[in-house]
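Text of the file start-v9.txt, holding compact mmCIF, C-alpha atoms and all ligand atoms:
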```
# COMPACT_ATOMS: atom_id res chain seq x y z
CA MET A 3 0.00 0.00 0.00
CA HIS A 4 1.66 3.14 -1.24
CA PHE A 5 -0.37 6.03 0.16
CA ALA A 6 1.79 8.82 -1.25
CA ARG A 7 0.09 8.02 -4.59
CA TYR A 8 -3.12 9.53 -3.30
CA ASN A 9 -1.56 12.91 -2.41
CA PRO A 10 -2.65 13.26 1.21
CA VAL A 11 -1.80 16.50 2.97
CA ARG A 12 -0.16 15.90 6.32
CA PHE A 13 -1.40 17.53 9.50
CA ALA A 14 -2.41 14.68 11.82
CA HIS A 15 -0.22 13.82 14.80
CA LEU A 16 0.88 10.34 13.77
CA PRO A 17 1.53 7.64 14.70
CA THR A 18 -1.02 7.76 17.48
CA PRO A 19 0.03 5.85 20.62
CA LEU A 20 -0.84 2.18 21.10
CA GLU A 21 -1.14 1.71 24.87
CA PRO A 22 -2.15 -1.04 27.31
CA LEU A 23 -5.35 -0.66 29.35
CA PRO A 24 -4.28 -2.36 32.59
CA GLY A 25 -7.12 -1.01 34.73
CA LEU A 26 -9.95 -2.01 32.44
CA THR A 27 -8.31 -5.38 31.71
CA GLU A 28 -8.26 -6.06 35.48
CA ALA A 29 -11.85 -4.83 35.90
CA LEU A 30 -13.09 -7.22 33.21
CA VAL A 31 -11.50 -10.41 34.53
CA THR A 32 -14.43 -12.81 34.89
CA PRO A 33 -15.00 -14.94 38.06
CA ASP A 34 -13.41 -17.95 36.32
CA GLY A 35 -10.32 -15.94 35.31
CA GLY A 36 -11.40 -15.26 31.71
CA GLY A 37 -11.59 -12.00 29.81
CA PRO A 38 -9.42 -10.16 27.28
CA THR A 39 -6.10 -8.34 27.58
CA LEU A 40 -7.01 -4.84 26.39
CA TRP A 41 -4.98 -2.27 24.47
CA ILE A 42 -6.10 1.05 23.07
CA LYS A 43 -5.13 2.80 19.82
CA ARG A 44 -5.31 6.51 20.63
CA ASP A 45 -6.93 8.04 17.55
CA ASP A 46 -8.51 10.55 19.91
CA CYS A 47 -5.01 12.10 19.82
CA THR A 48 -4.76 12.91 16.09
CA GLY A 49 -4.25 16.56 16.96
CA LEU A 50 -6.65 18.54 14.78
CA ALA A 51 -8.65 20.86 17.09
CA GLY A 52 -9.49 18.07 19.50
CA GLY A 53 -8.69 15.24 17.09
CA GLY A 54 -10.59 12.03 16.42
CA ASN A 55 -10.96 9.56 13.60
CA LYS A 56 -12.12 12.06 10.94
CA THR A 57 -8.65 13.63 10.92
CA ARG A 58 -7.01 10.68 9.12
CA LYS A 59 -9.79 10.71 6.51
CA LEU A 60 -9.43 14.46 6.09
CA GLU A 61 -5.74 14.14 5.22
CA PHE A 62 -6.79 12.33 2.03
CA LEU A 63 -9.97 14.37 1.45
CA LEU A 64 -8.14 17.70 1.81
CA GLY A 65 -5.47 16.41 -0.56
CA ASP A 66 -8.19 15.77 -3.11
CA ALA A 67 -9.94 19.09 -2.43
CA LEU A 68 -6.72 21.05 -2.91
CA ALA A 69 -5.85 19.05 -6.06
CA ASN A 70 -9.27 20.12 -7.37
CA ASP A 71 -8.55 23.76 -6.49
CA ALA A 72 -11.53 23.97 -4.12
CA ASP A 73 -12.00 27.05 -1.92
CA THR A 74 -14.95 25.84 0.15
CA LEU A 75 -15.55 22.56 2.01
CA VAL A 76 -19.20 21.53 2.23
CA THR A 77 -20.23 18.78 4.64
CA GLN A 78 -22.98 17.59 6.96
CA GLY A 79 -23.53 15.76 10.22
CA ALA A 80 -25.67 15.53 13.34
CA VAL A 81 -25.72 18.58 15.62
CA GLN A 82 -22.96 17.13 17.83
CA SER A 83 -20.94 15.81 14.88
CA ASN A 84 -17.23 15.32 15.53
CA HIS A 85 -16.75 15.02 11.79
CA VAL A 86 -18.13 18.50 11.21
CA ARG A 87 -15.84 19.92 13.91
CA GLN A 88 -12.74 18.31 12.40
CA THR A 89 -13.76 19.39 8.87
CA ALA A 90 -14.25 22.98 10.08
CA ALA A 91 -10.78 22.78 11.65
CA ALA A 92 -9.17 21.41 8.46
CA ALA A 93 -10.80 24.21 6.45
CA ALA A 94 -9.47 26.83 8.86
CA ARG A 95 -6.03 25.27 8.74
CA PHE A 96 -5.88 25.46 4.91
CA GLY A 97 -7.57 28.84 4.49
CA LEU A 98 -10.74 27.37 2.99
CA LYS A 99 -14.32 28.36 3.75
CA CYS A 100 -16.53 25.78 5.40
CA GLU A 101 -20.29 25.36 4.92
CA VAL A 102 -21.93 22.79 7.17
CA ILE A 103 -25.43 21.43 7.45
CA LEU A 104 -26.43 20.13 10.88
CA GLU A 105 -29.26 17.62 10.98
CA HIS A 106 -31.38 17.70 14.14
CA ARG A 107 -31.32 13.90 14.14
CA THR A 108 -31.94 13.26 17.83
CA GLY A 109 -34.73 15.84 18.18
CA SER A 110 -33.12 17.08 21.41
CA GLU A 111 -34.08 20.62 22.40
CA ALA A 112 -31.61 20.75 25.27
CA HIS A 113 -29.51 23.90 25.34
CA ASP A 114 -26.22 22.02 25.80
CA TYR A 115 -26.93 19.70 22.91
CA ASN A 116 -27.77 22.54 20.55
CA ARG A 117 -25.20 25.12 21.67
CA SER A 118 -22.28 23.50 23.51
CA GLY A 119 -19.80 20.71 22.75
CA ASN A 120 -18.97 20.34 19.07
CA VAL A 121 -21.39 23.06 17.86
CA LEU A 122 -19.65 25.65 19.98
CA LEU A 123 -16.33 24.54 18.45
CA ASP A 124 -17.74 24.62 14.88
CA GLU A 125 -18.62 28.27 15.45
CA LEU A 126 -15.27 29.01 17.05
CA LEU A 127 -13.51 27.50 14.02
CA GLY A 128 -15.45 29.80 11.70
CA ALA A 129 -17.77 27.35 9.93
CA ARG A 130 -21.01 28.67 8.44
CA ILE A 131 -23.82 26.59 9.89
CA ARG A 132 -27.26 25.74 8.52
CA HIS A 133 -29.76 23.74 10.54
CA VAL A 134 -32.20 21.21 9.07
CA PRO A 135 -34.77 18.93 10.72
CA GLY A 136 -34.13 15.21 11.37
CA GLY A 137 -34.99 13.00 8.40
CA THR A 138 -33.86 15.56 5.79
CA ASP A 139 -32.30 14.04 2.64
CA MET A 140 -28.77 15.08 3.57
CA ASN A 141 -27.14 14.15 0.25
CA ALA A 142 -29.65 16.35 -1.59
CA ALA A 143 -29.03 19.11 0.96
CA LEU A 144 -25.26 18.85 0.34
CA ALA A 145 -25.78 19.12 -3.43
CA GLU A 146 -27.99 22.18 -2.95
CA VAL A 147 -25.45 24.00 -0.80
CA ALA A 148 -22.64 23.11 -3.23
CA GLU A 149 -24.70 24.59 -6.06
CA GLU A 150 -25.30 27.77 -4.07
CA VAL A 151 -21.57 28.11 -3.40
CA ALA A 152 -20.77 27.63 -7.09
CA GLU A 153 -23.45 30.15 -8.15
CA ALA A 154 -21.84 32.71 -5.86
CA GLY A 155 -18.52 32.13 -7.66
CA GLY A 156 -17.00 29.71 -5.13
CA ARG A 157 -15.36 26.32 -5.79
CA PRO A 158 -17.07 23.79 -3.50
CA TYR A 159 -15.72 20.39 -2.49
CA VAL A 160 -18.38 18.11 -1.01
CA ILE A 161 -17.34 15.77 1.80
CA PRO A 162 -20.01 13.17 2.60
CA GLY A 163 -21.22 12.60 6.17
CA GLY A 164 -18.41 11.19 8.31
CA GLY A 165 -15.95 11.66 5.43
CA SER A 166 -16.92 8.13 4.47
CA ASN A 167 -16.14 7.54 0.82
CA VAL A 168 -13.25 5.57 -0.67
CA ILE A 169 -10.90 8.55 -0.45
CA GLY A 170 -11.61 9.17 3.24
CA ALA A 171 -11.45 5.45 4.05
CA LEU A 172 -7.86 5.38 2.75
CA GLY A 173 -7.02 7.10 6.05
CA TYR A 174 -8.08 3.97 7.93
CA ALA A 175 -6.34 1.60 5.53
CA GLU A 176 -3.25 3.59 6.43
CA CYS A 177 -4.12 3.33 10.13
CA ALA A 178 -4.26 -0.46 9.75
CA MET A 179 -0.71 -0.38 8.40
CA GLU A 180 0.43 1.90 11.24
CA LEU A 181 -1.18 -0.31 13.89
CA VAL A 182 0.32 -3.55 12.55
CA ALA A 183 3.76 -1.92 12.37
CA GLN A 184 3.46 -0.82 16.03
CA ALA A 185 2.31 -4.27 17.12
CA ASN A 186 5.23 -5.89 15.27
CA GLU A 187 7.65 -3.54 16.96
CA LEU A 188 6.20 -4.34 20.39
CA GLY A 189 5.95 -8.06 19.71
CA LEU A 190 2.24 -7.74 20.42
CA GLU A 191 0.03 -10.37 18.82
CA ILE A 192 -3.39 -8.81 18.19
CA ASP A 193 -6.34 -11.21 18.13
CA ARG A 194 -9.04 -8.65 17.37
CA ILE A 195 -9.66 -4.96 16.78
CA VAL A 196 -12.87 -3.42 18.16
CA THR A 197 -14.18 -0.08 16.87
CA ALA A 198 -17.37 1.95 16.82
CA THR A 199 -18.93 1.84 13.34
CA GLY A 200 -21.23 4.58 12.03
CA SER A 201 -20.90 6.08 8.56
CA ALA A 202 -18.63 3.07 7.92
CA GLY A 203 -15.41 4.65 6.65
CA THR A 204 -13.33 3.75 9.69
CA HIS A 205 -14.43 0.12 9.81
CA ALA A 206 -14.22 -0.26 6.01
CA GLY A 207 -10.79 1.34 5.78
CA LEU A 208 -9.44 -0.93 8.51
CA VAL A 209 -10.87 -4.05 6.88
CA ALA A 210 -9.53 -3.00 3.47
CA GLY A 211 -6.08 -2.16 4.82
CA LEU A 212 -5.76 -5.39 6.82
CA ALA A 213 -7.03 -7.48 3.88
CA VAL A 214 -4.71 -5.87 1.35
CA MET A 215 -1.77 -6.39 3.76
CA GLY A 216 -2.87 -9.95 4.46
CA ALA A 217 -2.64 -9.25 8.20
CA ASP A 218 -5.44 -11.67 9.11
CA ILE A 219 -6.69 -9.73 12.16
CA PRO A 220 -10.48 -9.72 12.57
CA VAL A 221 -12.28 -6.41 13.15
CA LEU A 222 -15.48 -6.17 15.18
CA GLY A 223 -17.51 -3.04 14.52
CA ILE A 224 -20.01 -2.04 17.19
CA GLY A 225 -22.89 -0.24 15.55
CA VAL A 226 -24.22 3.12 16.73
CA ARG A 227 -27.15 3.61 14.38
CA ALA A 228 -28.15 1.15 11.63
CA PRO A 229 -29.26 -2.47 12.04
CA GLN A 230 -26.66 -5.19 11.43
CA ASP A 231 -27.57 -6.16 7.84
CA VAL A 232 -27.54 -2.54 6.67
CA GLN A 233 -24.33 -1.71 8.54
CA GLU A 234 -22.43 -4.75 7.28
CA ALA A 235 -23.56 -4.11 3.68
CA ASN A 236 -22.40 -0.46 3.90
CA VAL A 237 -19.05 -1.43 5.38
CA PHE A 238 -18.51 -4.25 2.86
CA ASN A 239 -19.27 -2.02 -0.17
CA LEU A 240 -16.98 0.70 1.07
CA ALA A 241 -14.21 -1.77 2.03
CA GLN A 242 -14.33 -3.29 -1.45
CA GLY A 243 -14.23 0.13 -3.07
CA THR A 244 -11.29 1.15 -0.91
CA ALA A 245 -9.39 -2.07 -1.65
CA ALA A 246 -10.13 -1.50 -5.36
CA LEU A 247 -8.57 1.95 -5.14
CA LEU A 248 -5.54 0.21 -3.60
CA GLY A 249 -5.53 -2.24 -6.53
CA HIS A 250 -6.78 -5.34 -4.67
CA GLU A 251 -10.61 -5.44 -4.62
CA ASP A 252 -10.56 -9.26 -4.60
CA ARG A 253 -8.87 -9.42 -1.19
CA VAL A 254 -11.90 -8.15 0.80
CA ARG A 255 -14.29 -11.02 1.51
CA ARG A 256 -17.80 -10.60 2.87
CA ASP A 257 -17.01 -12.68 5.97
CA MET A 258 -14.31 -10.16 6.97
CA VAL A 259 -17.04 -7.62 7.75
CA VAL A 260 -18.68 -8.16 11.13
CA ALA A 261 -20.83 -5.62 12.94
CA ASP A 262 -22.64 -6.16 16.23
CA CYS A 263 -25.53 -3.71 16.34
CA ASP A 264 -27.10 -4.91 19.60
CA TYR A 265 -25.84 -1.94 21.60
CA VAL A 266 -27.50 0.95 19.71
CA GLY A 267 -30.13 1.25 22.44
CA GLU A 268 -32.86 3.83 21.78
CA GLY A 269 -31.13 5.17 18.69
CA TYR A 270 -28.33 7.31 17.28
CA GLY A 271 -27.06 9.89 19.73
CA LEU A 272 -29.37 8.71 22.51
CA ILE A 273 -27.55 7.54 25.61
CA ASP A 274 -28.58 5.04 28.25
CA GLN A 275 -27.32 3.69 31.56
CA GLY A 276 -25.01 1.19 29.83
CA VAL A 277 -23.25 4.03 28.02
CA ILE A 278 -22.93 6.08 31.22
CA ASP A 279 -21.52 3.02 33.05
CA ALA A 280 -18.96 2.50 30.26
CA LEU A 281 -17.92 6.18 30.28
CA LYS A 282 -17.43 6.01 34.05
CA LEU A 283 -15.62 2.68 34.18
CA ILE A 284 -12.80 3.47 31.73
CA ALA A 285 -12.45 7.05 33.02
CA ARG A 286 -11.83 5.65 36.51
CA THR A 287 -9.69 2.62 35.59
CA ASP A 288 -7.42 4.15 32.93
CA ALA A 289 -8.29 7.90 32.78
CA ILE A 290 -9.60 7.54 29.22
CA LEU A 291 -12.35 9.95 28.12
CA LEU A 292 -14.91 8.46 25.73
CA ASP A 293 -17.88 10.14 24.09
CA PRO A 294 -21.59 9.51 24.60
CA VAL A 295 -22.49 8.80 20.92
CA TYR A 296 -19.79 6.50 19.51
CA THR A 297 -16.98 5.28 21.73
CA GLY A 298 -19.15 5.09 24.85
CA LYS A 299 -21.60 2.89 22.98
CA ALA A 300 -18.83 0.75 21.52
CA MET A 301 -17.32 0.38 25.00
CA LYS A 302 -20.72 -0.61 26.40
CA GLY A 303 -20.65 -3.41 23.82
CA LEU A 304 -17.05 -4.37 24.50
CA ILE A 305 -17.72 -4.59 28.25
CA ALA A 306 -20.86 -6.69 27.81
CA LEU A 307 -19.18 -9.04 25.33
CA SER A 308 -16.10 -9.40 27.58
CA ARG A 309 -18.28 -10.29 30.56
CA ALA A 310 -20.10 -12.84 28.41
CA GLY A 311 -16.76 -14.51 27.62
CA ALA A 312 -16.64 -13.51 23.94
CA PHE A 313 -12.98 -12.42 24.11
CA ASP A 314 -11.58 -14.92 26.65
CA GLY A 315 -7.81 -15.22 26.30
CA GLU A 316 -7.66 -12.68 23.45
CA THR A 317 -5.55 -9.57 23.06
CA VAL A 318 -8.05 -6.97 21.90
CA VAL A 319 -7.20 -3.49 20.61
CA PHE A 320 -9.95 -0.91 21.10
CA LEU A 321 -9.71 1.87 18.53
CA HIS A 322 -10.43 5.14 20.35
CA THR A 323 -12.03 7.21 17.61
CA GLY A 324 -12.31 10.35 19.77
CA GLY A 325 -15.39 12.46 20.46
CA ALA A 326 -14.93 13.57 24.09
CA GLN A 327 -15.73 17.16 23.00
CA GLY A 328 -19.30 15.91 22.56
CA LEU A 329 -19.54 15.20 26.31
CA PHE A 330 -20.36 18.85 26.91
CA GLY A 331 -23.32 18.62 24.55
CA TYR A 332 -24.76 16.03 26.93
CA GLN A 333 -24.07 17.85 30.17
CA GLY A 334 -27.73 17.96 31.22
CA GLU A 335 -28.17 14.25 30.59
CA LEU A 336 -25.02 13.30 32.48
CA ASP A 337 -25.50 15.75 35.33
CA GLY A 338 -26.02 13.92 38.60
CA LYS A 339 -25.45 10.49 37.00
CA LEU A 340 -21.68 10.34 37.26
C1 LIG A 401 -17.57 9.43 13.29
C2 LIG A 401 -17.17 8.77 14.53
C3 LIG A 401 -17.14 7.36 14.63
C4 LIG A 401 -17.62 6.46 13.55
O1 LIG A 401 -16.74 6.39 12.46
P1 LIG A 401 -17.33 6.13 11.01
O2 LIG A 401 -16.16 6.16 10.13
O3 LIG A 401 -18.34 7.21 10.76
O4 LIG A 401 -18.00 4.79 11.04
C5 LIG A 401 -16.69 6.80 15.80
N1 LIG A 401 -16.31 7.55 16.84
C6 LIG A 401 -16.35 8.89 16.80
C7 LIG A 401 -15.95 9.65 18.01
C8 LIG A 401 -16.78 9.55 15.64
O5 LIG A 401 -16.81 10.88 15.61
```
For the file at hand, write its structure as structure tokens.
Ligand SMILES: *Cc1c(COP(=O)(O)O)cnc(C)c1O
Amino acid sequence: MHFARYNPVRFAHLPTPLEPLPGLTEALVTPDGGGPTLWIKRDDCTGLAGGGNKTRKLEFLLGDALANDADTLVTQGAVQSNHVRQTAAAAARFGLKCEVILEHRTGSEAHDYNRSGNVLLDELLGARIRHVPGGTDMNAALAEVAEEVAEAGGRPYVIPGGGSNVIGALGYAECAMELVAQANELGLEIDRIVTATGSAGTHAGLVAGLAVMGADIPVLGIGVRAPQDVQEANVFNLAQGTAALLGHEDRVRRDMVVADCDYVGEGYGLIDQGVIDALKLIARTDAILLDPVYTGKAMKGLIALSRAGAFDGETVVFLHTGGAQGLFGYQGELDGKL
């Protein structure tokens, strides 16, 4: 995999650390001595205005935008989108304008949700924000805004929700290579990688990268929104497309794509006691800050699966995809429950 061919621009703090999670590993030892040995890949530390997983994707997407002489990034996300925050930051960093559309997907009217956390940072970073109701056709909305920008004489570059197309997913194929190199250096044999999976680019990029390398490490995606059949189909299509871009479409097999969508709870962006328990546990065992929408939900799944014996004897790497900035958008919901 020769990523320089795709002209990424470099601004992420890489490689991100790969660290043990001794406290959580200890906390998840089962009564009969089972449970996984846990490590964490710190993609919350990618460095772009708070960082997170969208930063690796944006290195490739910005490369493409600049190659196309764009002057305005156009993207969309939920109100507390980490992707929108990182895109606004990348635009600021490269002197581009940024037009974002925020979908009121959760229906929350809470002040913190609508004004604090990532939204506050979007404004601070200078993005121009439009608000649309939940259920809006977001791809059509993106096309409309891009057209408006062009009519006003601008040169728009549209980034899909989550930065999840084959170009963005290259960032996670590259992360797969980085992670395997770190593990080789440490002499660490990884049995499984666990990640939150949403717009699918992270999961798909990892699967594509590992498959193209022939690393033979299974990835478990824990869903945050869609049901399992939909999520796995999205990830598989994108993984194949990404591997095709890398010249090896045939290496991604359908059985390499596994998503467990049993931990979504009430829905996207809606938190429950399991998520709060997960946020608290890893904060207190290893001082790791997760977010309420993605990593907290994935950790809720990882904890439940560990306790059920699903990872007994395995070395599991949890990919920390970031998002702690979103905690402040949920202040009211967390208040008094920590
Ligand atoms: C976007 C996001 C994810 C999900 O990644 P996808 O590539 O959209 O599947 C996970 N965690 C955090 C914190 C995110 O912002």
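With a cut-off of 7 Å and using only C-alpha atoms and all ligand atoms, the polymer residues contacting ligand LIG 401 (chain A) are Gly54, Asn55, Lys56, Ser83, Asn84, His85, Gly164, Ser166, Ala198, Thr199, Gly200, Ser201, Ala202, Gly203, Thr204, His205, Asp293, Tyr296, Thr297, Thr323, Gly324 and Gly325 of chain A.
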When you draw a straight line from atom CA of A:Val11 to atom CA of A:Leu50, how long is it in Å?
-> 12.9 Å
Please tell me which residues are no farther than 12 Å from (-33.5, 16.5, 23.4) in the file, counting all atoms listed in the file, and write them as a list in words.
->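 These residues have at least one counted atom within 12 Å: Val81, Gln82, His106, Arg107, Thr108, Gly109, Ser110, Glu111, Ala112, His113, Asp114, Tyr115, Asn116, Gly271, Leu272, Ile273, Gly331, Tyr332, Gln333, Gly334 and Glu335 of chain A.
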Residue nearest A:Gly311 - candidates A:Cys263, A:Ala154, A:Val31, A:Leu291, atoms counted: all atoms listed in the file =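 Of the candidates, the smallest distance to A:Gly311 is held by A:Val31.
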In terms of the shortest atom-to-atom distance over all atoms listed in the file, which of A:Ala129, A:Leu190, A:Val319, A:Val134 is closest to A:Val221?
->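 With all atoms listed in the file as the atom set, the closest residue is A:Val319.
Taking atom CA of A:Gly170 and atom CA of A:Ala143 as endpoints, the distance between them is 20.2 Å.
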Mind checking which residues fall within 10 Å of A:Asp218, counting only C-alpha atoms, ignoring those fewer than 2 positions away in the same chain, and posting them as a list of chain:residue names?
->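 Near A:Asp218, the qualifying residues are A:Ile192, A:Asp193, A:Arg194, A:Val209, A:Leu212, A:Ala213, A:Val214, A:Met215, A:Gly216, A:Pro220, A:Val221, A:Met258.
One finds atom CA of A:Leu247 at 22.8 Å from atom CA of A:Val232.
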Mind checking which residues fall within 12 Å of A:Lys299, counting all atoms listed in the file, ignoring those fewer than 6 positions away in the same chain, and posting them as a PyMOL selection string?
-> chain A and resi 196-200+223-227+262-281+292-293+305-306+322-323+325
Name the closest residue to A:Gly173 among the candidates A:Phe62, A:Phe330, A:Phe313, A:Tyr8; distances are taken between atoms, counting all atoms listed in the file.
->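 Residue with the minimum atom-to-atom distance to A:Gly173: A:Phe62.
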What lies within 10 Å of A:Val254 using all atoms listed in the file, ignoring chain neighbours under 3 positions off, as a PyMOL selection string?
-> chain A and resi 206+209-214+216+238-239+241-246+250-251+257-259
Option closest in space to A:Ala178, from A:Pro33, A:Gly207, A:Gly52, A:Gly137 [counting all atoms listed in the file] |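 Among A:Pro33, A:Gly207, A:Gly52, A:Gly137, it is A:Gly207 that comes nearest to A:Ala178.
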Could you give me, as a list in words, the residues within 7 Å of A:Asp73, counting all atoms listed in the file and dropping anything in the same chain fewer than 4 positions from it?
-> Leu98, Lys99, Gly156, Arg157 and Pro158 of chain A
Expected file contents, prior selection, C-alpha atoms, as a compact mmCIF listing (two decimals), keeping the file's coordinate frame:
```
# COMPACT_ATOMS: atom_id res chain seq x y z
CA LEU A 98 -10.74 27.37 2.99
CA LYS A 99 -14.32 28.36 3.75
CA GLY A 156 -17.00 29.71 -5.13
CA ARG A 157 -15.36 26.32 -5.79
CA PRO A 158 -17.07 23.79 -3.50
```
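Using only C-alpha atoms, the smallest distance between any of A:Val160, A:Leu104, A:Ala175, A:Val151 and A:Thr138 comes from A:Leu104.
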Restricting the calculation to only C-alpha atoms, which member of A:Ile195, A:Ala261, A:Leu26, A:Val76 is positioned closest to A:Ala235?
->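 Using only C-alpha atoms, the shortest distance to A:Ala235 belongs to A:Ala261.
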